[in-house]
Amino acid sequence: MRLLLTTRHRVLPMLLALGTAAACGTTVPVAQVAGDAPPRQSTGLDVPAEVLGPAPAAPGAGPAAGGIVSGPAGPVRTGGNGAARTGTGPTSGGQPAEAAGAGPVGRAADRRPVRVGILYTNNDAAEQFDVNNNTSFTPREAFEAFVAAWNARGGLAGRKIEPTYAELRSSSTTYAADLQAACERFTEDAQVAFVIGSSGIFFQSYAECLADRRTPMFSADYAMGDDIALRAASSVFTPTTITADARARVVLQRLTAAGRFTSKDKLGAVVEGCPFNERAYDRTVVPVAKRLGLTIAERFVSRCFEGIDDFGGLASDMQNAVLRFQTAGVTQVVLVSGGAEANMMLLFATAADAQGYQPGYGLTSGAIPAVQEANTPRSQLANAVGVGWAPALDTNRSATLRTARIAECVRDLQTGAGLAPASSADRFTAFSICDAFALADAVLRRTRGAADLTSIGSAVTSLRNSFLAATVVASRTDFSGGRRTAPAVGQLFAWSAECGCFDYTPAPQFSLLAG
């Protein structure tokens with residue numbers, strides 16, 4: 001689910017951590033990847049003790065929220081009935097019961113099975129590049145587990161899930177074409193109501209393809225474009241990540257406020273050369289740095305990562321960036337990328353270490369710090385700090401992973417397929433997928449099962465800050481005001497010499513929302 005860094009997501013940018021390879025495979029075209037694997041039986045395993053416990057309260061926080069949902073404009077072309085969950089317990093799919101809602105008055109609830117497109121990544125290129133993502137199950141297995149768990153209790157808002165799968169392979173040389181094929185499969189061949197996806201890479205063309213077909217997507221990714229790309233991708237909703245603009249803004253603001261970046265520093269910005277990253281640099285990095293009194297001494301624009309063939313070139317780009325920055329006396333490095341930050345950090349830090357150059361680094365959750373630990377020179381990590389919103393990406397310290405929502409997700413993973421997360425990559429894969437399903441359920445409950453884009457968009461906004469998400473800090477999200485990227489709370493992380501790992505600092509949590 002994300003960087004090559006881990007195993008199933010963003011194309012190499014996650015070669016390192018989570019599924020960085022998020023593209024379809026060249027061996028099996030996406031259009032040929034179908035799949036309705038029968039659900040596996042539960043093994044009855046208990047929920048690990050380390051994931052149990054009350055959700056931590058964030059300073060000044062109201063109820064945590066999260067949720068995201070979207071649905072296509074036309075009627076779902078399926079039939080049948082499914083028993084609806086009552087939602088009378090303390091929670092319903094991660095949403096407070098009182099917020100579940102009965103939906104529009106006078107509308108009969110739709111209980112027909114719902115066709116759902118599922119996009120996932122097979123990070124088959126990680127081993128080729130000797131990257132250790134430390135995973136114990138695949139994204140496909142996690143998706144199957146949650147489909148089985150939700151269907152066992154009646155489906156999403158009482159609608160049994162009929163999945164159509166599309167696989168992206170990190171070894172592919174044609175991510176854009178693979179994703180276009182996935183869009184065609186979902187919208188033309190299978191005519192799904194909505195998509196739940198986790199690929200570890202952001203392609204604006206794919207997101208716009210779904211938007212053009214008015215097909216909602218609940219994203220379980222950490223990858224995301226800039227604010228402009230998100231506006232164009234009008235059917236995407238996510239409780240798990242923020243835009244490239246938001247990342248750049250919060251890193252500069254928070255690290256300056258914490259004294260990690262000062263007016264005496266010379267900043268070097270490495271910009272992954274995709275249009276949305278370059279826009280984020282021009283529209284956010286430059287003006288925010290200027291307002292904060294920070295000096296950007298050097299900017300280096302790398303290639304845009306669009307296929308496995310770009311990995312070697314990206315490594316060469318990072319070597320050149322290191323030479324430029326070292327010559328210019330850059331003291332702090334920031335990486336501007338909506339999806340490839342993890343691979344860029346791995347490659348830049350490795351090259352810097354070889355050249356005896358040890359700058360500081362300002363990172364985000366997109367760098368997948370928890371996986372960098374096993375792959376990146378520790379002499380470089382010792383100088384890294386960052387802004388995190390996703391604990392499973394930020395740290396391997398289990399104390400941050402004890403919330404009620406996480407316990408629910410672990411139970412579904414186990415009852416659906418007998419799986420249990422054993423690493424940070426496993427946890428992010430499981431929690432983010434779990435959140436996307438819960439968001440779909442919360443939204444469909446408010447629409448009484450209607451899955452058209454208009455109904456879903458209105459329902460997502462109505463969730464405001466009531467949706468609890470397992471993936472994010474303090475479980476808090478906020479969809480108020482039409483916001484479609486919902487993580488609401490951030491926390492600073494840094495390398496800890498005591499544990500030889502990344503951990504959150506004692507500094508207070510803070511809002512990620514622009515204000």
# chains A, B, ... in the order shown; residues from 1 in each chain; ligands from 1
>>> residues_around(residues="Phe493 of chain A", least_positions_apart="5", cutoff="10 Å", atoms="only C-alpha atoms", output="list in words")
Leu363, Thr364, Ser365, Pro369, Ala384, Val385, Gly386, Val387, Gly388, Trp389, Pro391, Asp394, Thr395, Phe502, Asp503, Tyr504, Thr505, Pro506 and Ala507 of chain A
>>> closest_atom_pairs(of="segment 376-492 of chain A", to="segment 204-222 of chain A", cutoff="8 Å", atoms="only C-alpha atoms", output="Markdown table")
| residue | atom | partner | partner_atom | distance |
| --- | --- | --- | --- | --- |
| A:Ser432 | CA | A:Ala220 | CA | 4.9 |
| A:Ile433 | CA | A:Ala220 | CA | 5.4 |
| A:Asp435 | CA | A:Ala220 | CA | 7.2 |
| A:Ala436 | CA | A:Phe218 | CA | 5.5 |
| A:Phe437 | CA | A:Phe218 | CA | 7.9 |
| A:Leu439 | CA | A:Phe218 | CA | 7.5 |
| A:Ala440 | CA | A:Phe218 | CA | 7.0 |
| A:Asp452 | CA | A:Thr215 | CA | 7.8 |
| A:Leu453 | CA | A:Pro216 | CA | 5.9 |
| A:Ile456 | CA | A:Pro216 | CA | 7.8 |
>>> atom_distance(atom1="atom CA of Ser337 of chain A", atom2="atom CA of Gly356 of chain A")
24.9 Å
>>> residues_around(residues="Arg324 of chain A", least_positions_apart="3", cutoff="12 Å", atoms="only C-alpha atoms", output="list in words")
Gly268, Ala269, Val270, Ala297, Glu298, Arg299, Phe300, Val301, Asp317, Met318, Gln319, Asn320, Ala321, Thr327, Ala328, Gly329, Val330, Val333, Phe348, Ala352, Gln355 and Tyr357 of chain A
>>> closest_residue(among="A:Val489, A:Ile406, A:Leu413, A:Ala177", to="Asn465 of chain A", atoms="only C-alpha atoms")
A:Val489
>>> select_by_dssp(residues="segment 267-482 of chain A", states="strand (DSSP E or B)", output="PyMOL selection string")
chain A and resi 267-272+295-302+332-336+360-364+384-388+468+476-477
